Amino acid sequence: MKGSVIKYERDNIDTDVILPGPYLKIHDYAELATHAMEGLDKDFHKRVKPGDFIVAGKNFGCGSSREHAPIALSYSGIKAVLALSFARIFYRNAVDGAFLLPIEIDESAYKDISDSDSLEVDISKNEIQNLTKNKVYKIKPFPELIGKIIEAGGLFNYKP
Amino acid sequence: MNITEKILARASGKTSVSPDDVVFVNVDKVMVHDVSGPGVMAVFEKLRKKGMIIDKIWDPERVWVAEDHFVPAADKISAQNIVSLTNFTKQFGIKKHFKYGMGQYGICHTLSHEEAMVLPGEVYVGGDSHTNTTGALGAFAAGLGHTDVAYVLLNGKIWFKVPETLFFKINGKLPDHVMAKDLILKIIGDIGTDGAAYKTMQFGGTGVSEMSVESRLTLTNMTTEAGAKSGIVEPDQKLRDYLAARGVTKYDEVHEDSDAQYEKIYEYEGSEMEPIVAKPFSPENTVVARDLSSVELDKAYIGSCTGAKLEDLQAAAKILKGKTVKIRTEILPAAMSIFRKAMDQGLLKIFMDAGVVVGPPTCGACCGAHMGVLAKDEICISTTNRNFPGRMGHVESQTYLASPLVAAASAVTGKITDPRDLK
């Protein structure tokens, strides 16, 4: 996967800012995408391009269980969120619904990656190439079950 | 094994499990509401488009449905969602649908205990992050998203990583001016909003055994705000009495083994607790209420699954009796059964005499959806559970999280007020 970075240098980016409460009544995925990140970045939907990555700090996606959050990001074109850590429901929604990849990066990669950097993410090698800075970062491998669900294309395609 | 491990071992057909084991567990009960229900329907539609035939669900008897986030219908879309939800329950033969305007209805987590929808020892999942609440009934209770709930509805099982357990030992009874809400805010302030990420928070000690079941439900409710997978309290006589009052006496309690392990034990002296408030914009941003006595407010909100159970309303009434509110104040009982008890006990008269608006059960303004959301720069004190930017309305509004005692005292003065300082 190749794409460019939209970086939010902050921890605890919660589902209330990823997809604000008033839109919970909406279940049209394309419409949800137009409100993605609205609580934090009004210009996100103008800026985001298919294949982009979000880079953020720890506990990304904390708060409510709304699957609208990974859906809105996914239908905006985000292929993966690269964060120091993820809140549990956001993580499993992203994986089980096959909306995007929640990838854990370490502190040095988080500091090093800048907004608009061009990245290539290869989960088979557990690495990220920063094409802008000509650097390589290791990523934390997915736990076994998570890797299998991702490979299957979501929980419904996975055979236990 | 500890309680959570024992419940998950039993539900996955294993003799024992350990933290970090990944298990597929059989689910006993599952809940959807008017947000997650239509979300699940959208997943079903997606699966149908891929050729899957979905004409029945695993077990309609184990599924129950609440209408809470957007009732009374906020607009045409939310009205339509309620219609879709009704069609869904009819189509799949789900009988336990608590409908707005037809007797008992309310916030899903409140119904889970008011109606004893979930029993000790069970595995309960719901399409809402505060599903953790119900762990106070001695069950494993965790929130899931739409895809996972759809999977449970079709297969009756779901995967979980067995969590580590953090044990919170509360020594001694809380003082009269302190509520379970203050205690859980204090804990979240100490461990942070990811302090229990992926873990279970178990509560015990004399402070918890002295506590009512409703107070315990406040503790488990906000384990979500510490990032926990679940919260739990070991069953005791108080819980048995609570369930018996709701007509339920048969269930299979799970108790911990004598060699139960916890990742960490935290101890708190209950008698030393003080009223605590979480400042904007995070539940971990806590200080003692007295430090905020200069904060002027526009509104007080006493509502939600966290802060509008019967004892929450009783606490508010104790403060508001014979007083008049100085700021816009709303009290919304969390379920019709609580609304009725508040009426029978004369609490509604106290509220109305004080000038408060009493409204129907709804998640409404707690999640900024409707029914009294905040304008730009407005400041609210609230008995709810989250205060992220925009949570209760405009992204530049502010919410302070507090106990019903603090919220009611603040309603009287118009400033954040420790109940001890109310004249």
# chains A, B, ... in the order shown; residues from 1 in each chain; ligands from 1

$ residues_around --residues "stretch 182-189 of chain B" --least-positions-apart "3" --cutoff "8 Å" --atoms "only C-alpha atoms" --output "list in words"
Val178, Met179, Gly192, Thr193, Gly195, Thr218, Leu219, Met222, Thr223, Glu225, Ala226, Met273, Glu274, Pro275, Ile276, Val277, Ala278, Pro283, Glu284, Asn285, Thr286, Ala402 and Ser403 of chain B

$ interface_residues --of "chain B" --to "chain A" --cutoff "7 Å" --atoms "only C-alpha atoms" --output "PyMOL selection string"
chain B and resi 35+39+42+77-78+127-129+143-148+194+197-198+225+227+367-369+388-391+395

$ atom_distance --atom1 "atom CA of A:Tyr8" --atom2 "atom CA of A:Asn134"
21.4 Å

$ residues_around --residues "A:Ser4" --least-positions-apart "4" --cutoff "12 Å" --atoms "only C-alpha atoms" --output "ChimeraX atom specification"
/A:47-55,77-82,113-121,129-132

$ atom_distance --atom1 "atom CA of A:Ala109" --atom2 "atom CA of A:Ile6"
14.3 Å

$ atom_distance --atom1 "atom CA of B:Thr220" --atom2 "atom CA of B:Thr133"
4.7 Å

$ residues_around --residues "B:Gln202" --least-positions-apart "4" --cutoff "8 Å" --atoms "only C-alpha atoms" --output "list in words"
Thr165, Leu166, Phe167, Phe168, Gly231, Ile232 and Val233 of chain B

$ write_last_selection --atoms "N, CA and C atoms" --output "PDB file, in the first residue's frame"
ATOM      1  N   THR B 165      -6.749  -8.695  34.483  1.00  0.00           N
ATOM      2  CA  THR B 165      -7.685  -8.024  35.396  1.00  0.00           C
ATOM      3  C   THR B 165      -6.941  -7.084  36.337  1.00  0.00           C
ATOM      4  N   LEU B 166      -7.435  -5.856  36.413  1.00  0.00           N
ATOM      5  CA  LEU B 166      -6.965  -4.900  37.413  1.00  0.00           C
ATOM      6  C   LEU B 166      -7.994  -4.917  38.541  1.00  0.00           C
ATOM      7  N   PHE B 167      -7.539  -5.127  39.753  1.00  0.00           N
ATOM      8  CA  PHE B 167      -8.475  -5.202  40.879  1.00  0.00           C
ATOM      9  C   PHE B 167      -8.428  -3.906  41.685  1.00  0.00           C
ATOM     10  N   PHE B 168      -9.589  -3.301  41.853  1.00  0.00           N
ATOM     11  CA  PHE B 168      -9.688  -2.056  42.620  1.00  0.00           C
ATOM     12  C   PHE B 168     -10.335  -2.370  43.961  1.00  0.00           C
ATOM     13  N   GLY B 231     -15.986  -4.452  33.015  1.00  0.00           N
ATOM     14  CA  GLY B 231     -15.859  -4.175  34.443  1.00  0.00           C
ATOM     15  C   GLY B 231     -16.685  -5.230  35.151  1.00  0.00           C
ATOM     16  N   ILE B 232     -16.329  -5.591  36.354  1.00  0.00           N
ATOM     17  CA  ILE B 232     -17.089  -6.664  37.009  1.00  0.00           C
ATOM     18  C   ILE B 232     -17.041  -6.534  38.533  1.00  0.00           C
ATOM     19  N   VAL B 233     -18.114  -6.999  39.174  1.00  0.00           N
ATOM     20  CA  VAL B 233     -18.189  -7.088  40.634  1.00  0.00           C
ATOM     21  C   VAL B 233     -18.651  -8.507  40.953  1.00  0.00           C
TER      22      VAL B 233
END

$ residues_around --residues "stretch 371-385 of chain B" --least-positions-apart "5" --cutoff "8 Å" --atoms "only C-alpha atoms" --output "ChimeraX atom specification"
/B:74,222,225,283,296-308,364-366,392-404,407,410,416

$ select_by_dssp --residues "stretch 16-83 of chain A" --states "helix (DSSP H, G or I)" --output "list in words"
Asp16, Val17, Ile18, Gly21, Pro22, Tyr23, Leu24, Lys25, Tyr29, Ala30, Glu31, Leu32, Ala33, Phe44, His45, Lys46, Arg47, His68, Ala69, Pro70, Ile71, Ala72, Leu73, Ser74, Tyr75 and Ser76 of chain A

$ write_last_selection --atoms "N, CA, C and O atoms" --output "compact mmCIF listing (two decimals), in the first residue's frame"
# COMPACT_ATOMS: atom_id res chain seq x y z
N ASP A 16 -15.90 10.57 19.10
CA ASP A 16 -16.76 11.75 19.01
C ASP A 16 -16.20 12.79 18.05
O ASP A 16 -16.96 13.56 17.46
N VAL A 17 -14.89 12.84 17.89
CA VAL A 17 -14.34 13.77 16.89
C VAL A 17 -14.16 13.08 15.53
O VAL A 17 -14.24 13.72 14.49
N ILE A 18 -13.95 11.77 15.53
CA ILE A 18 -13.81 11.06 14.24
C ILE A 18 -15.15 11.09 13.49
O ILE A 18 -15.21 11.29 12.29
N GLY A 21 -21.54 12.64 17.22
CA GLY A 21 -22.80 12.00 17.62
C GLY A 21 -24.02 12.25 16.75
O GLY A 21 -24.78 11.32 16.47
N PRO A 22 -24.25 13.50 16.31
CA PRO A 22 -25.47 13.74 15.53
C PRO A 22 -25.57 12.90 14.26
O PRO A 22 -26.66 12.69 13.75
N TYR A 23 -24.43 12.40 13.76
CA TYR A 23 -24.46 11.62 12.51
C TYR A 23 -24.64 10.12 12.75
O TYR A 23 -24.62 9.34 11.80
N LEU A 24 -24.81 9.73 14.01
CA LEU A 24 -24.96 8.30 14.30
C LEU A 24 -26.21 7.71 13.66
O LEU A 24 -26.30 6.52 13.45
N LYS A 25 -27.16 8.58 13.36
CA LYS A 25 -28.40 8.08 12.75
C LYS A 25 -28.20 7.73 11.28
O LYS A 25 -29.06 7.11 10.66
N TYR A 29 -22.80 4.78 3.96
CA TYR A 29 -21.36 4.85 4.20
C TYR A 29 -20.71 6.05 3.49
O TYR A 29 -19.82 6.69 4.04
N ALA A 30 -21.16 6.36 2.27
CA ALA A 30 -20.56 7.48 1.52
C ALA A 30 -20.88 8.80 2.21
O ALA A 30 -20.04 9.70 2.28
N GLU A 31 -22.11 8.91 2.74
CA GLU A 31 -22.48 10.15 3.43
C GLU A 31 -21.69 10.31 4.74
O GLU A 31 -21.26 11.42 5.08
N LEU A 32 -21.50 9.21 5.44
CA LEU A 32 -20.69 9.27 6.67
C LEU A 32 -19.29 9.81 6.37
O LEU A 32 -18.73 10.59 7.14
N ALA A 33 -18.75 9.40 5.23
CA ALA A 33 -17.38 9.82 4.87
C ALA A 33 -17.27 11.34 4.80
O ALA A 33 -16.23 11.91 5.15
N PHE A 44 -10.68 17.96 6.63
CA PHE A 44 -10.21 16.60 6.34
C PHE A 44 -10.78 16.05 5.03
O PHE A 44 -10.05 15.55 4.18
N HIS A 45 -12.10 16.17 4.86
CA HIS A 45 -12.71 15.52 3.69
C HIS A 45 -12.29 16.18 2.37
O HIS A 45 -12.34 15.57 1.32
N LYS A 46 -11.85 17.45 2.46
CA LYS A 46 -11.36 18.12 1.24
C LYS A 46 -9.95 17.64 0.91
O LYS A 46 -9.54 17.59 -0.23
N ARG A 47 -9.23 17.31 1.97
CA ARG A 47 -7.81 17.01 1.82
C ARG A 47 -7.53 15.54 1.51
O ARG A 47 -6.59 15.21 0.78
N HIS A 68 -19.38 3.52 12.82
CA HIS A 68 -19.36 4.67 11.91
C HIS A 68 -17.95 5.26 11.80
O HIS A 68 -17.61 5.82 10.77
N ALA A 69 -17.15 5.15 12.88
CA ALA A 69 -15.84 5.81 12.88
C ALA A 69 -14.89 5.18 11.85
O ALA A 69 -14.43 5.88 10.94
N PRO A 70 -14.61 3.87 11.94
CA PRO A 70 -13.76 3.29 10.88
C PRO A 70 -14.43 3.32 9.50
O PRO A 70 -13.73 3.43 8.48
N ILE A 71 -15.77 3.24 9.48
CA ILE A 71 -16.47 3.30 8.18
C ILE A 71 -16.22 4.66 7.52
O ILE A 71 -15.86 4.74 6.34
N ALA A 72 -16.40 5.74 8.29
CA ALA A 72 -16.23 7.09 7.73
C ALA A 72 -14.80 7.30 7.21
O ALA A 72 -14.59 7.86 6.14
N LEU A 73 -13.82 6.79 7.98
CA LEU A 73 -12.43 6.93 7.53
C LEU A 73 -12.18 6.09 6.29
O LEU A 73 -11.59 6.55 5.31
N SER A 74 -12.67 4.86 6.32
CA SER A 74 -12.46 3.95 5.20
C SER A 74 -13.08 4.49 3.91
O SER A 74 -12.44 4.50 2.85
N TYR A 75 -14.31 4.97 4.00
CA TYR A 75 -14.99 5.47 2.80
C TYR A 75 -14.48 6.85 2.39
O TYR A 75 -14.82 7.34 1.31
N SER A 76 -13.64 7.46 3.24
CA SER A 76 -12.94 8.68 2.83
C SER A 76 -11.70 8.33 2.01
O SER A 76 -11.09 9.21 1.42

$ residues_around --residues "B:Leu347" --least-positions-apart "2" --cutoff "12 Å" --atoms "only C-alpha atoms" --output "ChimeraX atom specification"
/B:310-322,331,333,338-345,349-354,356,358

$ write_last_selection --atoms "C-alpha atoms" --output "PDB file, in the first residue's frame"
ATOM      1  CA  LEU B 310     -33.165   5.928  41.027  1.00  0.00           C
ATOM      2  CA  GLU B 311     -30.518   6.656  43.658  1.00  0.00           C
ATOM      3  CA  ASP B 312     -29.011   9.332  41.399  1.00  0.00           C
ATOM      4  CA  LEU B 313     -32.394  11.058  41.294  1.00  0.00           C
ATOM      5  CA  GLN B 314     -32.801  10.604  45.056  1.00  0.00           C
ATOM      6  CA  ALA B 315     -29.410  12.259  45.580  1.00  0.00           C
ATOM      7  CA  ALA B 316     -30.390  15.185  43.347  1.00  0.00           C
ATOM      8  CA  ALA B 317     -33.712  15.528  45.171  1.00  0.00           C
ATOM      9  CA  LYS B 318     -31.966  15.638  48.552  1.00  0.00           C
ATOM     10  CA  ILE B 319     -30.095  18.732  47.337  1.00  0.00           C
ATOM     11  CA  LEU B 320     -32.895  20.385  45.354  1.00  0.00           C
ATOM     12  CA  LYS B 321     -35.624  20.059  47.995  1.00  0.00           C
ATOM     13  CA  GLY B 322     -36.925  23.541  48.806  1.00  0.00           C
ATOM     14  CA  ILE B 331     -33.388  15.734  34.757  1.00  0.00           C
ATOM     15  CA  PRO B 333     -34.671   9.432  34.415  1.00  0.00           C
ATOM     16  CA  ILE B 338     -37.236   4.737  37.395  1.00  0.00           C
ATOM     17  CA  PHE B 339     -39.392   7.655  36.209  1.00  0.00           C
ATOM     18  CA  ARG B 340     -42.404   5.980  37.857  1.00  0.00           C
ATOM     19  CA  LYS B 341     -40.577   5.335  41.136  1.00  0.00           C
ATOM     20  CA  ALA B 342     -39.397   8.966  41.133  1.00  0.00           C
ATOM     21  CA  MET B 343     -43.026  10.009  40.761  1.00  0.00           C
ATOM     22  CA  ASP B 344     -44.226   7.650  43.507  1.00  0.00           C
ATOM     23  CA  GLN B 345     -41.517   8.908  45.872  1.00  0.00           C
ATOM     24  CA  LYS B 349     -42.489  17.380  42.555  1.00  0.00           C
ATOM     25  CA  ILE B 350     -39.235  18.424  44.235  1.00  0.00           C
ATOM     26  CA  PHE B 351     -37.585  18.822  40.823  1.00  0.00           C
ATOM     27  CA  MET B 352     -40.457  20.779  39.316  1.00  0.00           C
ATOM     28  CA  ASP B 353     -40.800  23.003  42.396  1.00  0.00           C
ATOM     29  CA  ALA B 354     -37.108  23.818  41.953  1.00  0.00           C
ATOM     30  CA  VAL B 356     -36.165  21.854  36.680  1.00  0.00           C
ATOM     31  CA  VAL B 358     -38.099  16.694  33.753  1.00  0.00           C
TER      32      VAL B 358
END

$ select_by_dssp --residues "stretch 175-413 of chain B" --states "strand (DSSP E)" --output "mmCIF file with C-alpha atoms, in the first residue's frame"
data_model
loop_
_atom_site.group_PDB
_atom_site.id
_atom_site.type_symbol
_atom_site.label_atom_id
_atom_site.label_comp_id
_atom_site.auth_asym_id
_atom_site.auth_seq_id
_atom_site.Cartn_x
_atom_site.Cartn_y
_atom_site.Cartn_z
ATOM 1 C CA THR B 200 -11.023 -5.915 32.974
ATOM 2 C CA MET B 201 -11.554 -3.658 35.971
ATOM 3 C CA GLN B 202 -12.853 -5.613 38.945
ATOM 4 C CA PHE B 203 -14.166 -3.808 42.007
ATOM 5 C CA GLY B 204 -14.195 -5.241 45.512
ATOM 6 C CA SER B 230 -15.203 -4.965 30.812
ATOM 7 C CA GLY B 231 -15.859 -4.175 34.443
ATOM 8 C CA ILE B 232 -17.089 -6.664 37.009
ATOM 9 C CA VAL B 233 -18.189 -7.088 40.634
ATOM 10 C CA LYS B 264 -2.356 -5.327 39.609
ATOM 11 C CA ILE B 265 -4.249 -4.393 42.757
ATOM 12 C CA TYR B 266 -5.085 -0.755 43.457
ATOM 13 C CA GLU B 267 -6.271 0.255 46.924
ATOM 14 C CA TYR B 268 -8.425 3.242 47.791
ATOM 15 C CA GLU B 269 -9.593 4.432 51.190
ATOM 16 C CA ILE B 276 -14.461 14.887 42.081
ATOM 17 C CA VAL B 277 -15.111 16.638 38.772
ATOM 18 C CA ALA B 278 -13.587 15.881 35.345
ATOM 19 C CA THR B 286 -9.996 15.271 37.233
ATOM 20 C CA VAL B 287 -9.733 17.624 40.204
ATOM 21 C CA VAL B 288 -11.584 17.930 43.507
ATOM 22 C CA LYS B 299 -26.602 24.323 32.423
ATOM 23 C CA ALA B 300 -26.886 21.239 34.638
ATOM 24 C CA TYR B 301 -27.785 17.868 33.132
ATOM 25 C CA ILE B 302 -28.809 14.896 35.260
ATOM 26 C CA ARG B 328 -31.098 25.747 33.079
ATOM 27 C CA THR B 329 -31.447 22.255 34.564
ATOM 28 C CA GLU B 330 -32.744 19.049 33.050
ATOM 29 C CA ILE B 331 -33.388 15.734 34.757
ATOM 30 C CA VAL B 357 -37.372 20.410 33.357
ATOM 31 C CA VAL B 358 -38.099 16.694 33.753
ATOM 32 C CA ILE B 379 -20.641 25.312 29.949
ATOM 33 C CA CYS B 380 -22.501 22.361 31.399
ATOM 34 C CA ILE B 381 -22.126 20.230 34.508
ATOM 35 C CA SER B 382 -23.322 16.747 33.767
ATOM 36 C CA GLN B 398 -17.623 22.505 27.580
ATOM 37 C CA THR B 399 -18.788 19.671 29.796
ATOM 38 C CA TYR B 400 -17.705 19.016 33.378
ATOM 39 C CA LEU B 401 -18.471 15.478 34.562
#
